[in-house]
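Shown next: target_31.txt, given as compact mmCIF, C-alpha atoms and all ligand atoms.
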# COMPACT_ATOMS: atom_id res chain seq x y z
CA THR A 1 -0.37 -8.57 -5.25
CA GLN A 2 -1.05 -11.27 -7.75
CA ILE A 3 0.20 -9.06 -10.51
CA MET A 4 3.31 -8.20 -8.54
CA SER A 5 3.86 -11.87 -7.82
CA ARG A 6 4.01 -12.66 -11.48
CA GLY A 7 6.43 -9.80 -12.00
CA LEU A 8 8.72 -10.50 -9.07
CA PRO A 9 10.44 -13.78 -9.95
CA LYS A 10 12.36 -12.05 -12.73
CA GLN A 11 14.46 -10.40 -9.98
CA LYS A 12 15.45 -7.60 -12.33
CA PRO A 13 16.37 -4.45 -10.42
CA ILE A 14 14.21 -1.38 -10.85
CA GLU A 15 16.43 1.39 -12.06
CA GLY A 16 16.83 4.08 -9.44
CA VAL A 17 15.18 2.29 -6.52
CA LYS A 18 17.14 1.21 -3.45
CA GLN A 19 14.57 -0.60 -1.34
CA VAL A 20 11.13 -1.93 -2.27
CA ILE A 21 8.43 -2.68 0.27
CA VAL A 22 5.49 -4.42 -1.36
CA VAL A 23 2.21 -3.70 0.41
CA ALA A 24 0.03 -6.67 -0.34
CA SER A 25 -3.13 -8.42 0.74
CA GLY A 26 -4.87 -11.50 -0.52
CA LYS A 27 -8.31 -9.94 -0.53
CA GLY A 28 -9.43 -6.61 -2.00
CA GLY A 29 -10.91 -3.81 0.05
CA VAL A 30 -9.04 -4.62 3.24
CA GLY A 31 -7.06 -1.37 3.21
CA LYS A 32 -3.97 -2.06 1.11
CA SER A 33 -3.97 1.32 -0.65
CA THR A 34 -4.80 3.21 2.54
CA THR A 35 -1.94 1.47 4.32
CA ALA A 36 0.49 1.98 1.42
CA VAL A 37 -0.28 5.70 1.18
CA ASN A 38 -0.02 6.33 4.93
CA LEU A 39 3.05 4.13 5.27
CA ALA A 40 4.80 6.09 2.51
CA LEU A 41 4.00 9.35 4.31
CA ALA A 42 5.04 7.88 7.64
CA LEU A 43 8.37 6.66 6.23
CA ALA A 44 9.04 10.13 4.85
CA ALA A 45 8.01 11.78 8.13
CA ASN A 46 10.25 9.49 10.19
CA ASP A 47 13.36 10.02 8.04
CA SER A 48 13.54 13.13 5.88
CA SER A 49 16.80 11.97 4.29
CA LYS A 50 14.94 9.23 2.41
CA ALA A 51 13.28 9.85 -0.94
CA ILE A 52 10.03 7.88 -0.86
CA GLY A 53 8.15 6.73 -3.94
CA LEU A 54 4.73 5.11 -4.15
CA LEU A 55 3.99 2.79 -7.04
CA ASP A 56 0.34 1.82 -7.45
CA VAL A 57 0.21 -1.41 -9.46
CA ASP A 58 -3.56 -1.70 -9.29
CA VAL A 59 -4.27 -1.64 -12.99
CA TYR A 60 -8.05 -2.04 -12.80
CA GLY A 61 -8.96 0.30 -9.95
CA PRO A 62 -6.05 2.55 -9.04
CA SER A 63 -6.90 4.65 -5.99
CA VAL A 64 -3.57 6.33 -5.28
CA PRO A 65 -4.26 9.36 -7.53
CA LYS A 66 -7.39 10.22 -5.51
CA MET A 67 -5.87 9.38 -2.13
CA MET A 68 -2.79 11.51 -2.90
CA ASN A 69 -4.80 14.25 -4.59
CA LEU A 70 -2.92 13.89 -7.87
CA LYS A 71 -4.13 14.23 -11.43
CA GLY A 72 -2.60 14.45 -14.87
CA ASN A 73 -0.12 12.69 -17.09
CA PRO A 74 3.52 12.18 -16.16
CA GLU A 75 6.00 14.27 -18.13
CA LEU A 76 8.79 12.50 -19.95
CA SER A 77 12.43 13.01 -18.96
CA GLN A 78 15.15 13.62 -21.57
CA SER A 79 15.83 9.89 -21.62
CA ASN A 80 12.11 9.26 -22.26
CA LEU A 81 11.30 8.04 -18.76
CA MET A 82 8.06 9.04 -17.05
CA ARG A 83 8.52 11.50 -14.21
CA PRO A 84 6.46 10.49 -11.17
CA LEU A 85 3.87 12.99 -9.94
CA LEU A 86 4.68 14.54 -6.60
CA ASN A 87 2.54 15.44 -3.60
CA TYR A 88 3.24 15.69 0.15
CA GLY A 89 6.87 14.91 -0.74
CA ILE A 90 6.03 11.49 -2.18
CA ALA A 91 6.83 10.59 -5.80
CA CYS A 92 3.85 8.65 -7.15
CA MET A 93 3.27 6.53 -10.22
CA SER A 94 -0.06 4.94 -11.02
CA MET A 95 -2.01 3.51 -13.91
CA GLY A 96 -4.52 6.21 -12.98
CA PHE A 97 -2.16 8.82 -14.48
CA LEU A 98 -2.16 7.05 -17.82
CA VAL A 99 -5.87 6.45 -18.42
CA GLU A 100 -8.93 8.65 -18.03
CA GLU A 101 -10.68 8.37 -14.64
CA SER A 102 -13.91 6.91 -16.06
CA GLU A 103 -12.24 4.77 -18.70
CA PRO A 104 -12.39 1.04 -17.94
CA VAL A 105 -9.21 -0.98 -18.34
CA VAL A 106 -10.16 -4.20 -20.10
CA TRP A 107 -6.70 -5.72 -20.48
CA ARG A 108 -5.72 -9.15 -19.37
CA GLY A 109 -2.59 -11.19 -18.70
CA LEU A 110 0.28 -10.03 -20.85
CA MET A 111 -1.12 -6.56 -21.43
CA VAL A 112 -1.36 -6.02 -17.68
CA MET A 113 2.19 -7.30 -17.23
CA SER A 114 3.46 -5.00 -19.93
CA ALA A 115 1.69 -2.02 -18.33
CA ILE A 116 3.25 -2.83 -14.96
CA GLU A 117 6.67 -3.27 -16.53
CA LYS A 118 6.26 0.25 -17.92
CA LEU A 119 5.22 1.67 -14.55
CA LEU A 120 8.15 -0.09 -12.88
CA ARG A 121 10.93 0.43 -15.34
CA GLN A 122 10.13 3.42 -17.49
CA CYS A 123 9.85 5.66 -14.51
CA TYR A 124 12.51 8.11 -13.49
CA MET A 125 13.91 7.41 -10.00
CA ARG A 126 17.32 7.87 -8.41
CA VAL A 127 19.65 5.20 -6.96
CA SER A 128 19.74 1.38 -7.50
CA LEU A 129 17.85 -1.56 -6.03
CA ALA A 130 19.27 -3.17 -2.91
CA SER A 131 16.50 -5.10 -1.20
CA LYS A 132 12.88 -5.98 -1.38
CA SER A 133 10.41 -7.18 1.20
CA ALA A 134 6.67 -7.27 1.81
CA VAL A 135 4.05 -6.15 4.30
CA ILE A 136 0.72 -7.99 4.28
CA VAL A 137 -2.46 -6.15 5.18
CA SER A 138 -5.50 -8.01 6.47
CA THR A 139 -8.63 -7.39 8.43
CA PRO A 140 -9.16 -9.86 11.30
CA GLN A 141 -11.94 -11.57 9.31
CA ASP A 142 -11.46 -15.26 8.45
CA ILE A 143 -12.03 -14.81 4.74
CA ALA A 144 -9.40 -12.04 4.54
CA LEU A 145 -6.97 -14.00 6.70
CA MET A 146 -7.25 -17.04 4.46
CA ASP A 147 -6.16 -14.92 1.51
CA ALA A 148 -3.45 -13.21 3.56
CA HIS A 149 -2.13 -16.68 4.39
CA LYS A 150 -1.96 -17.50 0.68
CA GLY A 151 -0.18 -14.18 0.09
CA ALA A 152 2.43 -15.01 2.72
CA GLU A 153 2.98 -18.41 1.10
CA MET A 154 3.37 -16.79 -2.29
CA PHE A 155 6.08 -14.45 -1.00
CA ARG A 156 7.84 -17.42 0.61
CA ARG A 157 7.88 -19.19 -2.75
CA VAL A 158 9.32 -16.20 -4.58
CA HIS A 159 11.85 -15.61 -1.76
CA VAL A 160 10.60 -12.20 -0.74
CA PRO A 161 10.88 -11.78 3.04
CA VAL A 162 7.65 -10.77 4.75
CA LEU A 163 8.31 -8.09 7.36
CA GLY A 164 4.99 -8.76 9.07
CA LEU A 165 1.25 -8.28 9.07
CA VAL A 166 -0.75 -5.09 9.48
CA GLN A 167 -4.11 -5.76 11.10
CA ASN A 168 -6.49 -3.20 9.63
CA MET A 169 -9.99 -2.28 10.82
CA SER A 170 -9.49 -4.32 13.96
CA VAL A 171 -11.65 -2.18 16.22
CA PHE A 172 -14.31 0.49 15.90
CA GLN A 173 -14.86 2.84 18.82
CA CYS A 174 -18.19 4.64 18.91
CA PRO A 175 -17.38 8.37 18.99
CA LYS A 176 -20.39 8.98 21.28
CA CYS A 177 -20.44 6.23 23.88
CA LYS A 178 -16.78 5.08 23.39
CA HIS A 179 -17.88 1.46 23.25
CA LYS A 180 -15.43 -0.65 21.23
CA THR A 181 -16.73 -3.14 18.65
CA HIS A 182 -14.60 -5.65 16.79
CA ILE A 183 -16.63 -5.61 13.59
CA PHE A 184 -14.38 -8.01 11.69
CA GLY A 185 -13.14 -9.96 14.71
CA ALA A 186 -10.63 -9.11 17.39
CA ASP A 187 -7.22 -10.58 16.77
CA GLY A 188 -7.35 -12.83 13.74
CA ALA A 189 -4.21 -11.34 12.22
CA ARG A 190 -2.36 -11.87 15.48
CA LYS A 191 -3.29 -15.57 15.40
CA LEU A 192 -2.32 -15.89 11.75
CA ALA A 193 0.99 -14.15 12.48
CA GLN A 194 1.67 -16.70 15.20
CA THR A 195 0.87 -19.59 12.87
CA LEU A 196 3.19 -18.19 10.22
CA GLY A 197 5.92 -17.11 12.62
CA LEU A 198 5.48 -13.48 11.57
CA GLU A 199 5.29 -10.25 13.49
CA VAL A 200 2.21 -8.02 13.75
CA LEU A 201 3.60 -4.65 12.73
CA GLY A 202 0.59 -2.75 13.96
CA ASP A 203 -3.15 -2.45 14.44
CA ILE A 204 -5.08 0.21 12.57
CA PRO A 205 -8.58 0.90 13.91
CA LEU A 206 -11.63 1.28 11.70
CA HIS A 207 -12.02 5.03 11.91
CA LEU A 208 -14.10 7.60 10.06
CA ASN A 209 -11.17 10.03 9.94
CA ILE A 210 -8.99 7.54 8.07
CA ARG A 211 -11.66 7.01 5.42
CA GLU A 212 -12.51 10.70 5.10
CA ALA A 213 -8.87 11.73 4.93
CA SER A 214 -8.23 9.25 2.10
CA ASP A 215 -11.33 10.25 0.17
CA THR A 216 -10.41 13.93 0.25
CA GLY A 217 -6.84 13.26 -0.87
CA GLN A 218 -5.41 14.36 2.49
CA PRO A 219 -4.10 11.10 4.02
CA ILE A 220 -4.31 11.05 7.79
CA VAL A 221 -0.54 10.86 8.37
CA PHE A 222 -0.25 14.11 6.42
CA SER A 223 -3.37 15.94 7.59
CA GLN A 224 -3.65 14.80 11.23
CA PRO A 225 -0.16 13.60 12.19
CA GLU A 226 -0.90 14.00 15.91
CA SER A 227 -3.96 11.73 15.86
CA ASP A 228 -3.82 8.23 17.36
CA GLU A 229 -4.66 6.78 13.94
CA ALA A 230 -1.70 8.54 12.26
CA LYS A 231 0.56 7.47 15.11
CA ALA A 232 -0.40 3.85 14.43
CA TYR A 233 0.96 4.20 10.88
CA LEU A 234 4.06 6.06 12.09
CA ARG A 235 4.83 3.17 14.46
CA ILE A 236 4.57 0.69 11.59
CA ALA A 237 7.00 2.79 9.56
CA VAL A 238 9.55 2.48 12.35
CA GLU A 239 9.17 -1.33 12.25
CA VAL A 240 9.80 -1.64 8.51
P1 LIG B 1 -7.62 -2.04 -0.92
O1 LIG B 1 -6.52 -1.21 -1.48
O2 LIG B 1 -7.12 -3.22 -0.14
O3 LIG B 1 -8.64 -2.44 -1.94
P2 LIG B 1 -8.51 0.42 0.35
O4 LIG B 1 -7.27 0.95 0.99
O5 LIG B 1 -8.96 1.04 -0.93
O6 LIG B 1 -8.41 -1.16 0.16
O7 LIG B 1 -9.65 0.49 1.45
C1 LIG B 1 -10.99 0.13 1.16
C2 LIG B 1 -11.92 1.17 1.77
O8 LIG B 1 -11.83 1.14 3.19
C3 LIG B 1 -11.59 2.59 1.38
O9 LIG B 1 -12.79 3.29 1.22
C4 LIG B 1 -10.79 3.15 2.55
O10 LIG B 1 -10.93 4.55 2.70
C5 LIG B 1 -11.42 2.40 3.71
N1 LIG B 1 -10.48 2.11 4.79
C6 LIG B 1 -9.32 1.42 4.74
N2 LIG B 1 -8.76 1.32 5.96
C7 LIG B 1 -9.59 1.97 6.81
C8 LIG B 1 -9.58 2.23 8.23
N3 LIG B 1 -8.60 1.75 9.02
N4 LIG B 1 -10.62 2.93 8.75
C9 LIG B 1 -11.63 3.40 7.96
N5 LIG B 1 -11.70 3.18 6.64
C10 LIG B 1 -10.70 2.48 6.07

Show how you would write the structure in this file as structure tokens.
Amino acid sequence: TQIMSRGLPKQKPIEGVKQVIVVASGKGGVGKSTTAVNLALALAANDSSKAIGLLDVDVYGPSVPKMMNLKGNPELSQSNLMRPLLNYGIACMSMGFLVEESEPVVWRGLMVMSAIEKLLRQCYMRVSLASKSAVIVSTPQDIALMDAHKGAEMFRRVHVPVLGLVQNMSVFQCPKCKHKTHIFGADGARKLAQTLGLEVLGDIPLHLNIREASDTGQPIVFSQPESDEAKAYLRIAVEV
């Protein structure tokens, strides 16, 4: 997010991209990548006429290659642009395709910006940019919400409309006794959305299947589209 925020004010269109939805959070580990991956799949599932791309701008710990079961280096097009890697019908680009899996990225500031510029602009896509907006992911925990609040404020300052909040890991239901526990709190994102005048686009439960599906590179929207968890992502895709 922070990296994107520094890149966004330039307002330069990304060649070949019609609509950009930034999936952001303030805090790490709240489920940004999981949401982005499943949202991309859900958008594609809801409207097969759309070509969906997924750009992972996490330079230090890219997780999209693993979540989308993709490996290898992008080929170059005739005009020397990187071709995104494709799986489950989604064109993906990630720093993870450009460095070895175990290799640490030790860049800072300008080097990171230049890497992201490359991922954004030296990548082969189709049409031309029309609009951009953001979705903010947060758990209902105070510390995550505080950072989500800052994220929303940042988007306001750079004039990127926020479509709404996704409340992730809001409830855990014990598979045995069916008891529901709100591990990170019950409806923090809902309250924050009210404060900010934003919509809650959806609630994603904390569920073993979501984690396992991501870890095996078979995101839940792809591998278990009929599950309640996948349906939660599909509903969000309709909202955005
Ligand atoms: P971020 O991109 O914000 O750092 P991730 O999407 O990588 O967060 O999620 C952090 C961890 O939590 C991952 O291991 C992921 O599989 C898991 N996770 C995310 N959302 C859920 C969920 N709703 N239920 C279960 N596990 C989840």

If you count all atoms listed in the file, which residues end up within 8 Å of ligand LIG 1 (chain B), as a list in words?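 Result of the 8 Å neighbour search around ligand LIG 1 (chain B): Ala24, Ser25, Lys27, Gly28, Gly29, Val30, Gly31, Lys32, Ser33, Thr34, Thr35, Ala36, Ser63, Val137, Asn168, Met169, Ser170, Ile204, Pro205, Leu206, His207, Leu208, Asn209, Ile210, Arg211, Glu212, Ala213, Ser214 and Asp215 of chain A.
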
Do you have the atom CA of Phe222 of chain A-atom CA of Pro140 of chain A distance handy? 26.0 Å

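Residue nearest Ala42 of chain A, chosen from A:Ala193, A:Tyr88, A:Phe172, A:Gln122 and counting all atoms listed in the file: A:Tyr88.
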
So, counting only C-alpha atoms, which residue among A:Pro161, A:Ala152, A:Tyr60, A:Asn73 is closest to Lys132 of chain A?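 Ranked by minimum distance to Lys132 of chain A, first place goes to A:Pro161.
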
Work out how far atom CA of Ala186 of chain A is from atom CA of Asp142 of chain A, in Å to one decimal. 10.9 Å

So how many Å separate atom CA of Ala189 of chain A and atom CA of Val57 of chain A, to one decimal? 24.3 Å

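Among the candidates A:Gly109, A:Gly96, A:Gly164, A:Gly188, the residue lying nearest to Met146 of chain A is A:Gly188 (atoms considered: only C-alpha atoms).
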